file structure30.csv (CSV, C-alpha atoms)
chain,number,residue,atom,x,y,z
A,1,MET,CA,-237.2,-21.1,-147.4
A,2,PRO,CA,-234.1,-23.1,-148.4
A,3,LEU,CA,-234.0,-25.6,-151.3
A,4,THR,CA,-234.2,-29.1,-150.0
A,5,LEU,CA,-233.3,-32.2,-152.0
A,6,ARG,CA,-234.2,-35.5,-150.5
A,7,LEU,CA,-231.9,-38.2,-151.9
A,8,GLY,CA,-233.1,-41.8,-152.1
A,9,ALA,CA,-230.8,-44.8,-152.2
A,10,ASP,CA,-230.7,-44.7,-156.1
A,11,ASP,CA,-229.7,-41.0,-156.0
A,12,LEU,CA,-226.8,-41.7,-153.6
A,13,THR,CA,-225.5,-44.6,-155.6
A,14,ARG,CA,-225.6,-42.5,-158.7
A,15,CYS,CA,-223.9,-39.4,-157.3
A,16,ARG,CA,-221.2,-38.3,-159.8
A,17,PHE,CA,-218.9,-35.5,-160.7
A,18,ALA,CA,-218.4,-33.7,-164.1
A,19,ILE,CA,-216.5,-30.8,-165.6
A,20,SER,CA,-218.3,-28.8,-168.2
A,21,PRO,CA,-216.6,-26.1,-170.3
A,22,LEU,CA,-220.0,-24.9,-171.5
A,23,CYS,CA,-221.3,-24.5,-167.9
A,24,GLN,CA,-218.1,-22.8,-167.0
A,25,THR,CA,-218.6,-20.3,-169.8
A,26,HIS,CA,-222.1,-19.4,-168.7
A,27,GLU,CA,-221.0,-19.2,-165.0
A,28,ALA,CA,-218.4,-16.7,-166.2
A,29,LEU,CA,-221.1,-14.7,-168.0
A,30,ARG,CA,-223.3,-14.8,-164.9
A,31,MET,CA,-220.3,-13.7,-162.8
A,32,LEU,CA,-220.0,-10.6,-165.0
A,33,ARG,CA,-223.6,-9.8,-164.2
A,34,ARG,CA,-223.2,-10.4,-160.4
A,35,PRO,CA,-220.7,-8.1,-158.8
A,36,ALA,CA,-220.8,-10.1,-155.6
A,37,ARG,CA,-218.9,-12.9,-157.5
A,38,HIS,CA,-216.1,-10.6,-158.7
A,39,GLY,CA,-213.9,-10.9,-155.6
A,40,TYR,CA,-211.5,-13.6,-156.6
A,41,HIS,CA,-211.5,-12.6,-160.3
A,42,ARG,CA,-210.5,-8.9,-160.3
A,43,ALA,CA,-207.2,-9.6,-161.9
A,44,TRP,CA,-208.9,-11.7,-164.6
A,45,LEU,CA,-211.5,-9.0,-165.1
A,46,ARG,CA,-208.8,-6.4,-165.6
A,47,ARG,CA,-207.0,-8.6,-168.1
A,48,MET,CA,-210.2,-9.3,-169.9
A,49,GLY,CA,-211.2,-5.6,-170.0
A,50,ARG,CA,-210.5,-4.9,-173.7
A,51,THR,CA,-211.8,-8.3,-174.7
A,52,LEU,CA,-215.1,-7.7,-172.9
A,53,ASP,CA,-215.4,-4.2,-174.4
A,54,GLY,CA,-215.1,-5.7,-177.9
A,55,LEU,CA,-217.8,-8.4,-177.4
A,56,ASP,CA,-221.4,-7.7,-178.2
A,57,LEU,CA,-223.2,-10.3,-176.1
A,58,SER,CA,-226.5,-8.4,-175.8
A,59,PRO,CA,-228.7,-11.3,-177.1
A,60,LEU,CA,-227.1,-13.5,-174.4
A,61,TRP,CA,-227.5,-10.9,-171.7
A,62,LEU,CA,-231.2,-11.0,-172.4
A,63,PHE,CA,-231.2,-14.5,-170.8
A,64,VAL,CA,-228.7,-13.9,-168.1
A,65,PRO,CA,-230.9,-11.9,-165.6
A,66,ARG,CA,-229.7,-10.2,-162.5
A,67,PRO,CA,-229.5,-12.3,-159.2
A,68,GLY,CA,-232.8,-14.1,-158.5
A,69,GLY,CA,-233.7,-14.5,-162.2
A,70,TYR,CA,-233.7,-17.7,-164.2
A,71,THR,CA,-231.3,-18.5,-167.0
A,72,PRO,CA,-232.5,-21.1,-169.5
A,73,ASP,CA,-231.0,-24.5,-168.7
A,74,PHE,CA,-230.5,-25.4,-172.3
A,75,LEU,CA,-227.8,-22.7,-172.5
A,76,ALA,CA,-225.6,-24.9,-170.3
A,77,PRO,CA,-227.3,-28.2,-169.5
A,78,PRO,CA,-225.8,-30.7,-167.0
A,79,PRO,CA,-223.5,-32.8,-169.0
A,80,ASP,CA,-224.2,-36.5,-169.5
A,81,GLU,CA,-220.6,-37.5,-169.4
A,82,PRO,CA,-217.8,-36.7,-166.9
A,83,TYR,CA,-215.5,-34.7,-169.2
A,84,PRO,CA,-217.3,-33.5,-172.3
A,85,SER,CA,-215.6,-31.4,-174.9
A,86,ILE,CA,-216.8,-27.8,-175.7
A,87,ASP,CA,-217.5,-28.9,-179.3
A,88,GLY,CA,-219.7,-31.8,-178.1
A,89,GLU,CA,-221.5,-29.5,-175.6
A,90,LEU,CA,-222.2,-26.8,-178.2
A,91,ALA,CA,-223.5,-29.5,-180.6
A,92,ARG,CA,-225.8,-30.7,-177.9
A,93,MET,CA,-227.0,-27.1,-177.2
A,94,ARG,CA,-227.6,-26.5,-180.9
A,95,ALA,CA,-229.8,-29.7,-181.0
A,96,THR,CA,-232.2,-28.3,-178.3
A,97,GLU,CA,-235.8,-29.0,-179.2
A,98,PRO,CA,-237.4,-25.6,-180.1
A,99,ALA,CA,-240.4,-26.2,-177.8
A,100,LEU,CA,-238.2,-26.8,-174.8
A,101,ALA,CA,-236.1,-23.7,-175.8
A,102,ARG,CA,-239.1,-21.6,-176.1
A,103,ALA,CA,-240.5,-22.6,-172.7
A,104,GLU,CA,-237.2,-21.9,-170.9
A,105,MET,CA,-236.7,-18.6,-172.7
A,106,ALA,CA,-240.3,-17.5,-171.8
A,107,ARG,CA,-239.6,-18.3,-168.1
A,108,SER,CA,-236.4,-16.4,-168.2
A,109,LEU,CA,-237.8,-13.3,-169.9
A,110,ALA,CA,-240.7,-13.2,-167.4
A,111,CYS,CA,-238.2,-12.6,-164.6
A,112,THR,CA,-237.6,-9.0,-165.9
A,113,PRO,CA,-240.7,-6.8,-166.4
A,114,GLY,CA,-241.1,-5.8,-170.0
A,115,LEU,CA,-238.6,-8.2,-171.6
A,116,THR,CA,-241.3,-10.6,-172.9
A,117,GLU,CA,-242.9,-7.8,-174.9
A,118,SER,CA,-239.6,-6.3,-176.1
A,119,ALA,CA,-238.6,-6.6,-179.7
A,120,GLN,CA,-235.7,-9.0,-178.8
A,121,GLY,CA,-237.9,-11.1,-176.5
A,122,ARG,CA,-240.7,-11.4,-179.1
A,123,ALA,CA,-238.2,-12.3,-181.8
A,124,ALA,CA,-236.7,-15.1,-179.7
A,125,LEU,CA,-240.1,-16.6,-178.8
A,126,ASP,CA,-241.4,-16.3,-182.3
A,127,ASP,CA,-238.4,-18.2,-183.7
A,128,PRO,CA,-236.9,-20.4,-180.9
A,129,ALA,CA,-234.9,-22.6,-183.3
A,130,GLY,CA,-233.2,-19.5,-184.7
A,131,ALA,CA,-232.7,-18.1,-181.2
A,132,VAL,CA,-230.9,-21.3,-180.2
A,133,ARG,CA,-228.6,-21.0,-183.2
A,134,ARG,CA,-227.7,-17.4,-182.4
A,135,LEU,CA,-227.2,-18.1,-178.7
A,136,ALA,CA,-225.0,-21.1,-179.4
A,137,ASP,CA,-222.9,-19.0,-181.8
A,138,LEU,CA,-222.5,-16.3,-179.2
A,139,THR,CA,-221.7,-18.8,-176.5
A,140,GLU,CA,-219.0,-20.3,-178.7
A,141,LEU,CA,-217.6,-16.8,-179.3
A,142,ALA,CA,-217.6,-16.1,-175.5
A,143,TRP,CA,-215.9,-19.4,-174.9
A,144,HIS,CA,-213.0,-18.6,-177.2
A,145,ALA,CA,-212.6,-15.1,-176.0
A,146,LEU,CA,-213.0,-15.6,-172.2
A,147,LEU,CA,-212.1,-19.1,-171.3
A,148,ALA,CA,-210.3,-21.0,-174.0
A,149,PRO,CA,-206.9,-19.4,-173.5
A,150,ASP,CA,-206.9,-20.3,-169.8
A,151,TRP,CA,-208.8,-23.5,-170.0
A,152,PRO,CA,-205.9,-25.9,-169.2
A,153,ARG,CA,-205.4,-24.1,-165.9
A,154,HIS,CA,-209.1,-23.9,-165.1
A,155,ARG,CA,-209.6,-27.6,-165.9
A,156,ALA,CA,-206.6,-28.5,-163.7
A,157,VAL,CA,-208.2,-26.6,-160.8
A,158,LEU,CA,-211.5,-28.4,-161.3
A,159,GLU,CA,-209.9,-31.8,-161.7
A,160,ALA,CA,-207.8,-31.1,-158.5
A,161,ASP,CA,-211.1,-30.3,-156.7
A,162,ILE,CA,-212.7,-33.6,-157.8
A,163,ALA,CA,-209.6,-35.5,-156.7
A,164,HIS,CA,-209.7,-33.6,-153.3
A,165,ARG,CA,-213.3,-34.4,-152.7
A,166,SER,CA,-212.9,-38.0,-153.8
A,167,ARG,CA,-210.3,-38.4,-151.2
A,168,ARG,CA,-212.7,-36.9,-148.6
A,169,ALA,CA,-215.4,-39.4,-149.7
A,170,ALA,CA,-212.9,-42.3,-149.5
A,171,ASP,CA,-211.7,-41.2,-146.0
A,172,GLY,CA,-215.0,-40.0,-144.5
A,173,GLY,CA,-217.7,-41.4,-146.7
A,174,LEU,CA,-220.5,-39.6,-148.5
A,175,ASP,CA,-221.5,-37.6,-145.4
A,176,ASP,CA,-218.1,-36.0,-145.4
A,177,LEU,CA,-218.2,-35.3,-149.1
A,178,LEU,CA,-221.7,-33.6,-149.1
A,179,THR,CA,-221.2,-31.6,-145.9
A,180,GLY,CA,-217.9,-30.2,-147.3
A,181,LEU,CA,-219.3,-28.8,-150.6
A,182,HIS,CA,-220.2,-25.3,-149.3
A,183,PRO,CA,-220.9,-23.6,-146.0
A,184,ALA,CA,-224.5,-23.1,-147.0
A,185,VAL,CA,-225.0,-26.8,-147.8
A,186,ASP,CA,-226.3,-29.2,-145.0
A,187,TRP,CA,-226.7,-32.9,-145.2
A,188,ALA,CA,-228.8,-34.8,-142.7
A,189,GLY,CA,-231.5,-37.5,-142.8
A,190,HIS,CA,-230.9,-38.2,-146.5
A,191,THR,CA,-231.8,-34.5,-147.2
A,192,LEU,CA,-229.4,-32.1,-148.9
A,193,THR,CA,-230.4,-28.6,-147.9
A,194,LEU,CA,-229.1,-25.5,-149.7
A,195,ARG,CA,-229.5,-22.6,-147.4
A,196,GLU,CA,-229.5,-19.0,-148.8
A,197,TYR,CA,-231.1,-20.5,-152.0
A,198,ALA,CA,-234.8,-19.8,-152.7
A,199,ASP,CA,-237.1,-22.8,-152.8
A,200,VAL,CA,-239.3,-22.6,-155.9
A,201,PRO,CA,-242.3,-24.8,-156.7
A,202,ASP,CA,-240.9,-26.1,-160.0
A,203,ALA,CA,-237.3,-26.7,-158.9
A,204,GLN,CA,-235.9,-30.0,-160.1
A,205,LEU,CA,-236.0,-32.7,-157.4
A,206,PRO,CA,-234.1,-36.0,-157.1
A,207,ASP,CA,-236.0,-38.9,-158.6
A,208,GLY,CA,-233.5,-41.8,-158.6
A,209,ARG,CA,-231.4,-40.5,-161.5
A,210,GLY,CA,-228.7,-39.3,-159.0
A,211,ILE,CA,-227.1,-36.0,-158.2
A,212,LEU,CA,-224.5,-34.4,-160.4
A,213,LEU,CA,-221.8,-32.4,-158.6
A,214,MET,CA,-219.9,-29.8,-160.6
A,215,PRO,CA,-217.1,-27.7,-159.3
A,216,SER,CA,-217.0,-24.2,-160.7
A,217,VAL,CA,-214.3,-21.4,-160.8
A,218,PHE,CA,-216.9,-18.6,-161.2
A,219,VAL,CA,-219.9,-19.6,-158.9
A,220,TRP,CA,-218.4,-18.3,-155.6
A,221,PRO,CA,-219.8,-17.2,-153.2
A,222,ASP,CA,-222.9,-19.0,-154.3
A,223,VAL,CA,-224.0,-22.6,-154.6
A,224,VAL,CA,-226.4,-23.3,-157.5
A,225,SER,CA,-229.0,-25.9,-158.1
A,226,GLY,CA,-232.6,-26.2,-159.3
A,227,PHE,CA,-232.3,-27.4,-162.9
A,228,ALA,CA,-235.8,-27.9,-164.3
A,229,ARG,CA,-236.9,-31.1,-166.0
A,230,PRO,CA,-235.8,-32.8,-168.2
A,231,TRP,CA,-232.3,-32.1,-166.9
A,232,GLN,CA,-230.5,-34.1,-164.2
A,233,PRO,CA,-230.6,-32.6,-160.7
A,234,THR,CA,-227.3,-30.8,-160.2
A,235,VAL,CA,-225.3,-28.9,-157.6
A,236,ILE,CA,-222.7,-26.4,-158.8
A,237,TYR,CA,-220.3,-25.3,-156.0
A,238,PRO,CA,-217.1,-23.3,-155.7
A,239,ALA,CA,-214.0,-25.4,-156.6
A,240,HIS,CA,-211.4,-26.0,-153.8
A,241,GLY,CA,-208.4,-23.9,-154.6
A,242,MET,CA,-210.1,-21.6,-157.1
A,243,GLY,CA,-209.1,-18.5,-155.1
A,244,ARG,CA,-205.5,-19.0,-156.2
A,245,LEU,CA,-206.2,-19.4,-159.9
A,246,HIS,CA,-205.6,-15.9,-161.0
A,247,THR,CA,-202.9,-15.0,-158.4
A,248,THR,CA,-199.3,-14.5,-159.3
A,249,PRO,CA,-197.0,-16.9,-157.5
A,250,ALA,CA,-194.8,-15.3,-154.9
A,251,SER,CA,-191.3,-14.4,-156.1
A,252,ARG,CA,-189.8,-15.9,-153.0
A,253,PRO,CA,-191.2,-18.3,-150.4
A,254,PRO,CA,-191.7,-17.4,-146.7
A,255,ASP,CA,-188.3,-17.5,-144.9
A,256,ALA,CA,-189.5,-20.1,-142.4
A,257,LEU,CA,-190.6,-22.4,-145.2
A,258,ALA,CA,-187.3,-21.9,-147.0
A,259,ARG,CA,-185.4,-22.8,-143.8
A,260,LEU,CA,-187.5,-26.0,-143.5
A,261,LEU,CA,-187.4,-27.3,-147.1
A,262,GLY,CA,-184.6,-25.4,-148.7
A,263,HIS,CA,-185.1,-22.3,-150.9
A,264,GLN,CA,-185.8,-24.1,-154.2
A,265,ARG,CA,-188.1,-26.7,-152.9
A,266,ALA,CA,-190.0,-24.1,-150.8
A,267,ALA,CA,-190.3,-21.9,-153.9
A,268,VAL,CA,-191.8,-24.8,-155.9
A,269,LEU,CA,-194.3,-25.5,-153.2
A,270,ALA,CA,-195.2,-21.8,-152.6
A,271,GLY,CA,-195.5,-21.2,-156.4
A,272,LEU,CA,-198.1,-24.0,-156.9
A,273,THR,CA,-201.0,-21.7,-156.5
A,274,ALA,CA,-202.8,-23.7,-159.2
A,275,PRO,CA,-201.9,-27.2,-160.7
A,276,ALA,CA,-198.9,-27.1,-163.0
A,277,SER,CA,-196.6,-29.4,-164.9
A,278,THR,CA,-192.9,-30.0,-164.4
A,279,THR,CA,-192.1,-28.1,-167.6
A,280,GLU,CA,-194.2,-25.1,-166.5
A,281,LEU,CA,-192.6,-25.0,-163.1
A,282,ALA,CA,-189.1,-25.4,-164.5
A,283,ARG,CA,-189.7,-22.4,-166.8
A,284,ARG,CA,-191.3,-20.4,-164.0
A,285,HIS,CA,-188.4,-20.9,-161.5
A,286,GLY,CA,-185.6,-21.0,-164.0
A,287,LEU,CA,-184.6,-24.5,-163.0
A,288,ALA,CA,-183.7,-27.7,-165.0
A,289,PRO,CA,-186.7,-30.0,-165.4
A,290,SER,CA,-184.8,-32.8,-163.7
A,291,THR,CA,-184.2,-30.6,-160.7
A,292,VAL,CA,-187.9,-29.6,-160.5
A,293,SER,CA,-188.9,-33.3,-160.9
A,294,ALA,CA,-186.7,-34.2,-157.9
A,295,HIS,CA,-188.3,-31.5,-155.8
A,296,LEU,CA,-191.8,-32.6,-156.8
A,297,THR,CA,-191.1,-36.2,-156.0
A,298,ALA,CA,-189.8,-35.3,-152.5
A,299,LEU,CA,-192.8,-33.0,-151.9
A,300,ARG,CA,-195.3,-35.6,-153.1
A,301,GLU,CA,-193.7,-38.3,-150.9
A,302,ALA,CA,-194.0,-36.0,-147.9
A,303,GLY,CA,-197.8,-35.7,-148.5
A,304,LEU,CA,-197.6,-32.0,-149.6
A,305,LEU,CA,-198.5,-32.6,-153.3
A,306,ASP,CA,-200.8,-34.8,-155.4
A,307,SER,CA,-200.2,-35.6,-159.0
A,308,ARG,CA,-202.7,-36.2,-161.8
A,309,ARG,CA,-202.2,-37.0,-165.5
A,310,GLN,CA,-203.9,-34.7,-168.0
A,311,GLY,CA,-203.3,-35.7,-171.6
A,312,TYR,CA,-199.5,-35.8,-172.2
A,313,TYR,CA,-198.7,-34.0,-168.9
A,314,VAL,CA,-198.7,-34.8,-165.2
A,315,LEU,CA,-200.1,-31.9,-163.2
A,316,TYR,CA,-199.0,-31.3,-159.6
A,317,ALA,CA,-201.3,-29.7,-157.0
A,318,ARG,CA,-200.9,-28.9,-153.3
A,319,THR,CA,-202.7,-31.1,-150.8
A,320,THR,CA,-204.6,-29.6,-147.8
A,321,LEU,CA,-201.4,-30.1,-145.8
A,322,GLY,CA,-199.3,-28.5,-148.6
A,323,ASP,CA,-201.7,-25.5,-148.6
A,324,ALA,CA,-201.4,-25.1,-144.8
A,325,LEU,CA,-197.6,-25.2,-144.9
A,326,ALA,CA,-197.3,-22.9,-148.0
A,327,ASP,CA,-199.7,-20.3,-146.6
A,328,SER,CA,-198.2,-20.2,-143.1
A,329,ASN,CA,-196.1,-17.2,-142.1
call {"tool": "encode", "arguments": {"input": "structure30.csv", "output": "structure tokens"}}
result
Amino acid sequence: MPLTLRLGADDLTRCRFAISPLCQTHEALRMLRRPARHGYHRAWLRRMGRTLDGLDLSPLWLFVPRPGGYTPDFLAPPPDEPYPSIDGELARMRATEPALARAEMARSLACTPGLTESAQGRAALDDPAGAVRRLADLTELAWHALLAPDWPRHRAVLEADIAHRSRRAADGGLDDLLTGLHPAVDWAGHTLTLREYADVPDAQLPDGRGILLMPSVFVWPDVVSGFARPWQPTVIYPAHGMGRLHTTPASRPPDALARLLGHQRAAVLAGLTAPASTTELARRHGLAPSTVSAHLTALREAGLLDSRRQGYYVLYARTTLGDALADSN
């Protein structure tokens, strides 16, 4: 049976997006345990090989079961603000009530025969506050080792996804937004249906608090929901454009694109496999920043790029039309 989330009027008016570095860290860890998710990340996995070999994450693996199992929600709870910092999220994780942590760890351990009775399982359940501290420390270590070096690029992809879907909602309404989240997501009659996702009796259901939508780089090909109480109902879906995050930009654009736009402008468009700043693009293509800025302005005015400010930088990303043109042969 699929998971069905019936959204009332209050849920629809409180539908929101968020980007969570903590959730991304744990989706990365889950990706490592789920080979079906590896496809788009093989280059990243090769690059992370030595780092992963040097990390002892066994206490975390205890609560990241194979597909079909439950991971405690307090390890990466739905954020209560749009763009939380990793430090703020780790502090929130460390403040988890021991009773809640114990209940969620017990549910997770029960997914794998023998884990509840194992020495590690018993130690975690006997001292949930200590387990929370240890798991938070390991999560912080995983964040710095696996995601922090690439986080600006990851966040840029996630922000570009939210901008893309916000445009869809503006152009086609909430129906267009929800039906475009994932091929396995249906929206009809105020009911959001997640096909290929097991319906469970204690799954979190909408209750007027709204639905949180979170793009993820690592969740593909899945779509994830089902946070238990007290957490907000959430849908985590693959981010638009995440497939190009770890790809190396082409050294030269397609000939047809170069004839249409000119070689330099075509190279800038083809090289924007992930959002980037003028400075990064100038360094990548060996051009003056003023030259790149002129190309970016022309491409944006033609509807091939969008721009979004992130801190001190303006990041440029291809639009759907820009993707279609850059990817054509």
call {"tool": "closest_atom_pairs", "arguments": {"input": "structure30.csv", "of": "stretch 78-105 of chain A", "to": "stretch 24-47 of chain A", "cutoff": "12 Å", "atoms": "only C-alpha atoms", "output": "Markdown table"}}
result
| residue | atom | partner | partner_atom | distance |
| --- | --- | --- | --- | --- |
| A:Pro78 | CA | A:Gln24 | CA | 11.0 |
| A:Pro79 | CA | A:Gln24 | CA | 11.5 |
| A:Pro84 | CA | A:Gln24 | CA | 12.0 |
| A:Ser85 | CA | A:Gln24 | CA | 11.9 |
| A:Ile86 | CA | A:Thr25 | CA | 9.7 |
| A:Glu89 | CA | A:Thr25 | CA | 11.3 |
| A:Leu90 | CA | A:Thr25 | CA | 11.2 |
call {"tool": "residues_around", "arguments": {"input": "structure30.csv", "residues": "A:Pro254", "least_positions_apart": "4", "cutoff": "10 Å", "atoms": "only C-alpha atoms", "output": "PDB file with C-alpha atoms, in the coordinates of the input"}}
result
ATOM      1  CA  ALA A 250    -194.800 -15.300-154.900  1.00  0.00           C
ATOM      2  CA  ALA A 258    -187.300 -21.900-147.000  1.00  0.00           C
ATOM      3  CA  ARG A 259    -185.400 -22.800-143.800  1.00  0.00           C
ATOM      4  CA  HIS A 263    -185.100 -22.300-150.900  1.00  0.00           C
ATOM      5  CA  ALA A 266    -190.000 -24.100-150.800  1.00  0.00           C
ATOM      6  CA  ALA A 267    -190.300 -21.900-153.900  1.00  0.00           C
ATOM      7  CA  ALA A 270    -195.200 -21.800-152.600  1.00  0.00           C
ATOM      8  CA  LEU A 325    -197.600 -25.200-144.900  1.00  0.00           C
ATOM      9  CA  ALA A 326    -197.300 -22.900-148.000  1.00  0.00           C
ATOM     10  CA  ASP A 327    -199.700 -20.300-146.600  1.00  0.00           C
ATOM     11  CA  SER A 328    -198.200 -20.200-143.100  1.00  0.00           C
ATOM     12  CA  ASN A 329    -196.100 -17.200-142.100  1.00  0.00           C
TER      13      ASN A 329
END
call {"tool": "residues_around", "arguments": {"input": "structure30.csv", "residues": "A:Ala282", "least_positions_apart": "4", "cutoff": "12 Å", "atoms": "all atoms listed in the file", "output": "count of residues only"}}
result
20
call {"tool": "closest_residue", "arguments": {"input": "structure30.csv", "among": "A:Asp186, A:Glu280, A:Asp161, A:Asp137", "to": "A:Leu57", "atoms": "all atoms listed in the file"}}
result
A:Asp137
call {"tool": "closest_residue", "arguments": {"input": "structure30.csv", "among": "A:Leu75, A:Leu260, A:Val217, A:Ala317", "to": "A:Leu138", "atoms": "only C-alpha atoms"}}
result
A:Leu75
call {"tool": "residues_around", "arguments": {"input": "structure30.csv", "residues": "A:Cys111", "least_positions_apart": "3", "cutoff": "7 Å", "atoms": "all atoms listed in the file", "output": "PyMOL selection string"}}
result
chain A and resi 69-70+107-108
call {"tool": "residues_near_point", "arguments": {"input": "structure30.csv", "point": "(-240.5, -12.0, -178.7)", "cutoff": "12 Å", "atoms": "only C-alpha atoms", "output": "PyMOL selection string"}}
result
chain A and resi 59+62+102+105-106+109-110+114-128+131
call {"tool": "atom_distance", "arguments": {"input": "structure30.csv", "atom1": "atom CA of A:Leu245", "atom2": "atom CA of A:Gly303"}}
result
21.6 Å
call {"tool": "closest_residue", "arguments": {"input": "structure30.csv", "among": "A:Ala148, A:Ala298, A:Leu174, A:Leu315", "to": "A:Pro21", "atoms": "only C-alpha atoms"}}
result
A:Ala148
call {"tool": "closest_residue", "arguments": {"input": "structure30.csv", "among": "A:Pro67, A:Gly88, A:Leu55, A:Leu261", "to": "A:Asp222", "atoms": "all atoms listed in the file"}}
result
A:Pro67
call {"tool": "atom_distance", "arguments": {"input": "structure30.csv", "atom1": "atom CA of A:Asp87", "atom2": "atom CA of A:Ser20"}}
result
11.1 Å
call {"tool": "atom_distance", "arguments": {"input": "structure30.csv", "atom1": "atom CA of A:Asp175", "atom2": "atom CA of A:Ala18"}}
result
19.4 Å
call {"tool": "closest_residue", "arguments": {"input": "structure30.csv", "among": "A:Tyr313, A:Tyr237, A:Phe74, A:Tyr83", "to": "A:Glu159", "atoms": "all atoms listed in the file"}}
result
A:Tyr83
call {"tool": "closest_residue", "arguments": {"input": "structure30.csv", "among": "A:Leu7, A:Cys23, A:Leu135, A:Leu192", "to": "A:Ile236", "atoms": "only C-alpha atoms"}}
result
A:Cys23
call {"tool": "residues_near_point", "arguments": {"input": "structure30.csv", "point": "(-228.7, -27.9, -156.6)", "cutoff": "6 Å", "atoms": "all atoms listed in the file", "output": "list in words"}}
result
Val224, Ser225, Gly226, Thr234 and Val235 of chain A
call {"tool": "write_last_selection", "arguments": {"input": "structure30.csv", "atoms": "C-alpha atoms", "output": "CSV table (one decimal), keeping the file's coordinate frame"}}
result
chain,number,residue,atom,x,y,z
A,224,VAL,CA,-226.4,-23.3,-157.5
A,225,SER,CA,-229.0,-25.9,-158.1
A,226,GLY,CA,-232.6,-26.2,-159.3
A,234,THR,CA,-227.3,-30.8,-160.2
A,235,VAL,CA,-225.3,-28.9,-157.6
